[in-house]
Amino acid sequence: MTRDPSQSLELRHLRCFLAVADEGGITRAAARLGITQPAVSRTLAALEASLGVRLVDRSTHHVELTAEGRAFRARAAAAVDAFKDAVAVARAPRRPLRLGHAWSAAGAYTTPLLRRWRREHPDVPLELLRIDDRTAGLTRDAGSRVDVALLRGPVDSAELVTTLLHREARVAALPSDSPLARRSALVLADLRDQVIALNTVSGTTTLGLWPADARPGRTLTVANTDDWLAAIAADRGVGVTSTATVALHPHPGVVYVPLTDAPPLQVLLAHRRGPGHPSIPDLIALALKVTAD
């Protein structure tokens, strides 16, 4: 079995090489590292022997990197930086993982998700934050307040990475004394003569949900879920939402009735591209498990 030469390397070898490369000489590298010049030379020679390449040209008064040395320098620096980052993360207290949502969180899966996270990841608190915005703050200045968000409907943003968790059926939200509230099921055309309450800030329903020949002609604009529910309960309009609202937002003045011809709504877990909270992959994995049960 061939022995991997990298197994004999240690972080000190990389740091020594980088010091020589940065300082341009053995003497200054030794002073920077706080060791003797012979120790620097031995460490550098051991690194080159392990790699099987010459990294530094010592034939001149000022040492210079070889072509191999210049190529290796960037990788060595990245390895040392990665080690520093790993140590910093391990030593730092684990900050909470902030989960944003615009409305209804994960619906009926919300409590199981929060409970299982607390049980399986007790060292990282999971904070649920409601932000009235289409992407729960991920693409606005408020984005720094959340690490990941539960979103509904299509998300058209190159800034975000999304994972589909599941799909929710749609329901009509009606005043409790509406004749339509006594029906066991409805179709979108049943609402064409109604005033449609639309949450234009964080909601997902638009008039485009209806076929062109059955599209309602009147709308009422609201800014959040609370105002949307209040308007419907006061008989100022009706609404369309997903089954998650039924579980998370029961209201004595509102009745929810299934819409049999409305397309289901995607539920996504989204986060910004690039570095983020280290526990985001764990949350995605757990959310997929919970919603698959």
# chains A, B, ... in the order shown; residues from 1 in each chain; ligands from 1
$ closest_atom_pairs --of "stretch 126-177 of chain A" --to "stretch 242-255 of chain A" --cutoff "10 Å" --atoms "only C-alpha atoms" --output "CSV"
residue,atom,partner,partner_atom,distance
A:Arg152,CA,A:Ser242,CA,9.3
A:Arg167,CA,A:Ser242,CA,9.3
A:Glu168,CA,A:Ser242,CA,5.9
A:Ala169,CA,A:Ser242,CA,5.7
A:Arg170,CA,A:Ser242,CA,4.2
A:Val171,CA,A:Ser242,CA,5.6
A:Ala172,CA,A:Val255,CA,8.1
A:Ala173,CA,A:Val255,CA,5.8
A:Leu174,CA,A:Val255,CA,5.2
A:Pro175,CA,A:Val254,CA,4.8
A:Ser176,CA,A:Val254,CA,4.9
A:Asp177,CA,A:Gly253,CA,8.0
$ residues_around --residues "A:Asp293" --least-positions-apart "3" --cutoff "12 Å" --atoms "only C-alpha atoms" --output "PDB file with N, CA and C atoms, in the first residue's frame"
ATOM      1  N   ALA A 108     -48.410  22.930   9.882  1.00  0.00           N
ATOM      2  CA  ALA A 108     -48.558  21.899  10.917  1.00  0.00           C
ATOM      3  C   ALA A 108     -47.226  21.263  11.302  1.00  0.00           C
ATOM      4  N   TYR A 109     -46.205  21.446  10.465  1.00  0.00           N
ATOM      5  CA  TYR A 109     -44.894  20.871  10.771  1.00  0.00           C
ATOM      6  C   TYR A 109     -44.064  21.769  11.690  1.00  0.00           C
ATOM      7  N   PRO A 112     -43.405  20.180  15.376  1.00  0.00           N
ATOM      8  CA  PRO A 112     -42.481  19.041  15.311  1.00  0.00           C
ATOM      9  C   PRO A 112     -41.055  19.449  14.919  1.00  0.00           C
ATOM     10  N   LEU A 113     -40.928  20.395  14.002  1.00  0.00           N
ATOM     11  CA  LEU A 113     -39.600  20.836  13.577  1.00  0.00           C
ATOM     12  C   LEU A 113     -38.853  21.501  14.725  1.00  0.00           C
ATOM     13  N   LEU A 165     -39.490  21.613   0.260  1.00  0.00           N
ATOM     14  CA  LEU A 165     -39.839  20.733   1.380  1.00  0.00           C
ATOM     15  C   LEU A 165     -41.079  19.897   1.071  1.00  0.00           C
ATOM     16  N   HIS A 166     -42.126  20.553   0.616  1.00  0.00           N
ATOM     17  CA  HIS A 166     -43.366  19.840   0.273  1.00  0.00           C
ATOM     18  C   HIS A 166     -44.309  20.829  -0.406  1.00  0.00           C
ATOM     19  N   LEU A 286     -33.037  18.191   8.548  1.00  0.00           N
ATOM     20  CA  LEU A 286     -34.093  17.864   9.499  1.00  0.00           C
ATOM     21  C   LEU A 286     -35.467  18.251   8.954  1.00  0.00           C
ATOM     22  N   ALA A 287     -35.562  19.401   8.307  1.00  0.00           N
ATOM     23  CA  ALA A 287     -36.844  19.835   7.750  1.00  0.00           C
ATOM     24  C   ALA A 287     -37.349  18.855   6.695  1.00  0.00           C
ATOM     25  N   LEU A 288     -36.443  18.311   5.899  1.00  0.00           N
ATOM     26  CA  LEU A 288     -36.844  17.326   4.902  1.00  0.00           C
ATOM     27  C   LEU A 288     -37.356  16.055   5.576  1.00  0.00           C
ATOM     28  N   LYS A 289     -36.727  15.652   6.684  1.00  0.00           N
ATOM     29  CA  LYS A 289     -37.182  14.476   7.408  1.00  0.00           C
ATOM     30  C   LYS A 289     -38.561  14.690   8.023  1.00  0.00           C
ATOM     31  N   VAL A 290     -38.736  15.850   8.654  1.00  0.00           N
ATOM     32  CA  VAL A 290     -40.002  16.137   9.336  1.00  0.00           C
ATOM     33  C   VAL A 290     -41.157  16.206   8.341  1.00  0.00           C
TER      34      VAL A 290
END
$ select_by_dssp --residues "stretch 7-234 of chain A" --states "strand (DSSP E)" --output "PyMOL selection string"
chain A and resi 56-57+64-65+97-101+126-130+148-152+160-168+170-175+195-199+218-222
$ select_by_dssp --residues "stretch 100-198 of chain A" --states "helix (DSSP H, G or I)" --output "VMD selection string"
chain A and resid 107 to 120 141 to 145 179 to 182 188 to 191
$ write_last_selection --atoms "N, CA and C atoms" --output "compact mmCIF listing (two decimals), in the first residue's frame"
# COMPACT_ATOMS: atom_id res chain seq x y z
N GLY A 107 -46.33 25.59 8.85
CA GLY A 107 -47.67 25.05 8.99
C GLY A 107 -47.74 24.04 10.13
N ALA A 108 -48.41 22.93 9.88
CA ALA A 108 -48.56 21.90 10.92
C ALA A 108 -47.23 21.26 11.30
N TYR A 109 -46.20 21.45 10.47
CA TYR A 109 -44.89 20.87 10.77
C TYR A 109 -44.06 21.77 11.69
N THR A 110 -44.57 22.96 12.00
CA THR A 110 -43.77 23.91 12.77
C THR A 110 -43.36 23.38 14.13
N THR A 111 -44.32 22.92 14.91
CA THR A 111 -44.01 22.43 16.25
C THR A 111 -43.11 21.19 16.22
N PRO A 112 -43.41 20.18 15.38
CA PRO A 112 -42.48 19.04 15.31
C PRO A 112 -41.06 19.45 14.92
N LEU A 113 -40.93 20.40 14.00
CA LEU A 113 -39.60 20.84 13.58
C LEU A 113 -38.85 21.50 14.73
N LEU A 114 -39.52 22.39 15.42
CA LEU A 114 -38.87 23.10 16.54
C LEU A 114 -38.51 22.14 17.67
N ARG A 115 -39.40 21.21 17.96
CA ARG A 115 -39.13 20.27 19.04
C ARG A 115 -37.99 19.32 18.70
N ARG A 116 -37.97 18.79 17.47
CA ARG A 116 -36.90 17.87 17.09
C ARG A 116 -35.56 18.58 17.01
N TRP A 117 -35.58 19.83 16.54
CA TRP A 117 -34.31 20.58 16.50
C TRP A 117 -33.76 20.75 17.92
N ARG A 118 -34.62 21.12 18.83
CA ARG A 118 -34.15 21.32 20.21
C ARG A 118 -33.61 20.03 20.80
N ARG A 119 -34.22 18.90 20.46
CA ARG A 119 -33.78 17.61 20.98
C ARG A 119 -32.48 17.14 20.33
N GLU A 120 -32.37 17.34 19.01
CA GLU A 120 -31.22 16.82 18.29
C GLU A 120 -30.05 17.79 18.18
N ASP A 141 -32.43 44.64 3.61
CA ASP A 141 -31.50 44.99 4.68
C ASP A 141 -31.76 44.15 5.92
N ALA A 142 -33.02 43.76 6.10
CA ALA A 142 -33.36 42.93 7.26
C ALA A 142 -32.79 41.53 7.16
N GLY A 143 -32.18 41.20 6.01
CA GLY A 143 -31.66 39.86 5.80
C GLY A 143 -30.65 39.45 6.85
N SER A 144 -29.93 40.43 7.42
CA SER A 144 -28.95 40.08 8.44
C SER A 144 -29.60 39.55 9.70
N ARG A 145 -30.92 39.72 9.82
CA ARG A 145 -31.62 39.25 11.01
C ARG A 145 -31.94 37.77 10.94
N PRO A 179 -72.53 32.54 2.94
CA PRO A 179 -73.16 31.31 2.43
C PRO A 179 -72.14 30.32 1.87
N LEU A 180 -71.04 30.82 1.32
CA LEU A 180 -70.01 29.93 0.78
C LEU A 180 -69.30 29.14 1.87
N ALA A 181 -69.31 29.67 3.09
CA ALA A 181 -68.63 29.00 4.20
C ALA A 181 -69.31 27.69 4.58
N ARG A 182 -70.55 27.50 4.14
CA ARG A 182 -71.28 26.27 4.46
C ARG A 182 -71.02 25.16 3.45
N LEU A 188 -62.32 27.94 -7.87
CA LEU A 188 -61.94 29.35 -7.97
C LEU A 188 -63.06 30.20 -8.57
N ALA A 189 -63.80 29.64 -9.51
CA ALA A 189 -64.88 30.41 -10.14
C ALA A 189 -65.95 30.81 -9.14
N ASP A 190 -66.09 30.07 -8.04
CA ASP A 190 -67.08 30.43 -7.02
C ASP A 190 -66.76 31.77 -6.37
N LEU A 191 -65.52 32.24 -6.50
CA LEU A 191 -65.10 33.49 -5.85
C LEU A 191 -65.05 34.66 -6.82
$ closest_residue --among "A:Val87, A:Val240, A:Val63, A:Val56" --to "A:Thr204" --atoms "only C-alpha atoms"
A:Val240
$ decode --residues "stretch 55-171 of chain A" --atoms "C-alpha atoms" --output "mmCIF file, in the first residue's frame"
data_model
loop_
_atom_site.group_PDB
_atom_site.id
_atom_site.type_symbol
_atom_site.label_atom_id
_atom_site.label_comp_id
_atom_site.auth_asym_id
_atom_site.auth_seq_id
_atom_site.Cartn_x
_atom_site.Cartn_y
_atom_site.Cartn_z
ATOM 1 C CA LEU A 55 9.503 25.019 -3.479
ATOM 2 C CA VAL A 56 12.255 27.562 -2.821
ATOM 3 C CA ASP A 57 15.295 28.459 -4.929
ATOM 4 C CA ARG A 58 18.192 29.010 -2.506
ATOM 5 C CA SER A 59 20.831 29.676 -5.142
ATOM 6 C CA THR A 60 20.608 33.449 -4.771
ATOM 7 C CA HIS A 61 21.178 35.737 -1.787
ATOM 8 C CA HIS A 62 17.438 36.339 -1.530
ATOM 9 C CA VAL A 63 15.427 33.146 -1.711
ATOM 10 C CA GLU A 64 12.809 32.975 -4.429
ATOM 11 C CA LEU A 65 9.875 30.669 -4.970
ATOM 12 C CA THR A 66 10.037 28.180 -7.789
ATOM 13 C CA ALA A 67 7.114 27.759 -10.147
ATOM 14 C CA GLU A 68 5.930 24.890 -7.935
ATOM 15 C CA GLY A 69 6.392 27.072 -4.881
ATOM 16 C CA ARG A 70 4.267 29.861 -6.340
ATOM 17 C CA ALA A 71 1.491 27.412 -7.157
ATOM 18 C CA PHE A 72 1.679 25.802 -3.713
ATOM 19 C CA ARG A 73 1.661 29.138 -1.863
ATOM 20 C CA ALA A 74 -2.018 29.897 -2.517
ATOM 21 C CA ARG A 75 -3.104 26.415 -1.488
ATOM 22 C CA ALA A 76 -0.979 26.483 1.650
ATOM 23 C CA ALA A 77 -2.424 29.865 2.637
ATOM 24 C CA ALA A 78 -5.965 28.588 2.063
ATOM 25 C CA ALA A 79 -5.259 25.524 4.223
ATOM 26 C CA VAL A 80 -3.902 27.645 7.090
ATOM 27 C CA ASP A 81 -6.856 30.049 6.839
ATOM 28 C CA ALA A 82 -9.310 27.140 6.881
ATOM 29 C CA PHE A 83 -7.666 25.800 10.015
ATOM 30 C CA LYS A 84 -7.950 29.214 11.685
ATOM 31 C CA ASP A 85 -11.611 29.459 10.746
ATOM 32 C CA ALA A 86 -12.335 25.972 12.098
ATOM 33 C CA VAL A 87 -10.678 26.804 15.407
ATOM 34 C CA ALA A 88 -12.537 30.113 15.644
ATOM 35 C CA VAL A 89 -15.892 28.432 15.057
ATOM 36 C CA ALA A 90 -15.151 25.722 17.617
ATOM 37 C CA ARG A 91 -14.117 28.208 20.276
ATOM 38 C CA ALA A 92 -16.877 30.726 19.688
ATOM 39 C CA PRO A 93 -20.235 30.253 21.419
ATOM 40 C CA ARG A 94 -22.805 28.869 19.003
ATOM 41 C CA ARG A 95 -25.105 31.734 18.103
ATOM 42 C CA PRO A 96 -28.772 30.998 17.493
ATOM 43 C CA LEU A 97 -29.926 29.879 14.060
ATOM 44 C CA ARG A 98 -32.543 32.434 13.002
ATOM 45 C CA LEU A 99 -35.394 31.009 10.920
ATOM 46 C CA GLY A 100 -37.535 33.622 9.226
ATOM 47 C CA HIS A 101 -41.041 33.296 7.818
ATOM 48 C CA ALA A 102 -43.563 35.698 6.357
ATOM 49 C CA TRP A 103 -46.625 33.828 7.587
ATOM 50 C CA SER A 104 -47.573 30.386 8.864
ATOM 51 C CA ALA A 105 -43.970 29.182 9.307
ATOM 52 C CA ALA A 106 -43.958 25.464 8.396
ATOM 53 C CA GLY A 107 -47.669 25.048 8.993
ATOM 54 C CA ALA A 108 -48.558 21.899 10.917
ATOM 55 C CA TYR A 109 -44.894 20.871 10.771
ATOM 56 C CA THR A 110 -43.770 23.915 12.768
ATOM 57 C CA THR A 111 -44.005 22.428 16.247
ATOM 58 C CA PRO A 112 -42.481 19.041 15.311
ATOM 59 C CA LEU A 113 -39.600 20.836 13.577
ATOM 60 C CA LEU A 114 -38.874 23.099 16.536
ATOM 61 C CA ARG A 115 -39.133 20.266 19.041
ATOM 62 C CA ARG A 116 -36.902 17.867 17.089
ATOM 63 C CA TRP A 117 -34.314 20.578 16.505
ATOM 64 C CA ARG A 118 -34.155 21.321 20.211
ATOM 65 C CA ARG A 119 -33.776 17.614 20.983
ATOM 66 C CA GLU A 120 -31.218 16.819 18.285
ATOM 67 C CA HIS A 121 -29.252 20.101 18.317
ATOM 68 C CA PRO A 122 -29.395 21.374 21.899
ATOM 69 C CA ASP A 123 -26.236 23.455 21.450
ATOM 70 C CA VAL A 124 -27.756 25.676 18.738
ATOM 71 C CA PRO A 125 -30.978 27.518 19.646
ATOM 72 C CA LEU A 126 -33.446 27.831 16.755
ATOM 73 C CA GLU A 127 -35.260 31.176 16.761
ATOM 74 C CA LEU A 128 -38.437 31.604 14.694
ATOM 75 C CA LEU A 129 -38.889 35.185 13.443
ATOM 76 C CA ARG A 130 -41.840 36.568 11.472
ATOM 77 C CA ILE A 131 -40.881 39.252 8.952
ATOM 78 C CA ASP A 132 -43.614 40.635 6.684
ATOM 79 C CA ASP A 133 -41.740 40.400 3.408
ATOM 80 C CA ARG A 134 -41.990 38.105 0.381
ATOM 81 C CA THR A 135 -38.651 36.479 1.258
ATOM 82 C CA ALA A 136 -38.896 36.969 5.040
ATOM 83 C CA GLY A 137 -36.094 39.532 4.920
ATOM 84 C CA LEU A 138 -33.474 37.414 3.145
ATOM 85 C CA THR A 139 -33.111 39.826 0.222
ATOM 86 C CA ARG A 140 -33.528 43.129 2.070
ATOM 87 C CA ASP A 141 -31.504 44.988 4.685
ATOM 88 C CA ALA A 142 -33.361 42.932 7.261
ATOM 89 C CA GLY A 143 -31.657 39.862 5.805
ATOM 90 C CA SER A 144 -28.945 40.085 8.440
ATOM 91 C CA ARG A 145 -31.617 39.252 11.007
ATOM 92 C CA VAL A 146 -32.293 35.791 9.608
ATOM 93 C CA ASP A 147 -30.053 32.984 8.390
ATOM 94 C CA VAL A 148 -32.653 30.886 6.593
ATOM 95 C CA ALA A 149 -36.344 31.301 5.808
ATOM 96 C CA LEU A 150 -39.479 29.303 5.099
ATOM 97 C CA LEU A 151 -41.007 30.649 1.891
ATOM 98 C CA ARG A 152 -44.036 29.813 -0.209
ATOM 99 C CA GLY A 153 -44.501 29.961 -3.936
ATOM 100 C CA PRO A 154 -41.830 30.494 -6.596
ATOM 101 C CA VAL A 155 -38.798 32.548 -5.583
ATOM 102 C CA ASP A 156 -37.040 34.348 -8.417
ATOM 103 C CA SER A 157 -33.775 35.537 -6.907
ATOM 104 C CA ALA A 158 -30.231 34.624 -7.894
ATOM 105 C CA GLU A 159 -29.178 35.549 -4.348
ATOM 106 C CA LEU A 160 -30.998 32.612 -2.784
ATOM 107 C CA VAL A 161 -30.580 28.855 -2.702
ATOM 108 C CA THR A 162 -33.871 27.013 -2.176
ATOM 109 C CA THR A 163 -34.855 23.495 -1.147
ATOM 110 C CA LEU A 164 -38.377 22.206 -1.816
ATOM 111 C CA LEU A 165 -39.839 20.733 1.380
ATOM 112 C CA HIS A 166 -43.366 19.840 0.273
ATOM 113 C CA ARG A 167 -46.528 21.269 -1.306
ATOM 114 C CA GLU A 168 -49.639 22.577 0.417
ATOM 115 C CA ALA A 169 -53.206 22.521 -0.883
ATOM 116 C CA ARG A 170 -55.051 25.826 -1.164
ATOM 117 C CA VAL A 171 -58.179 26.883 0.647
#
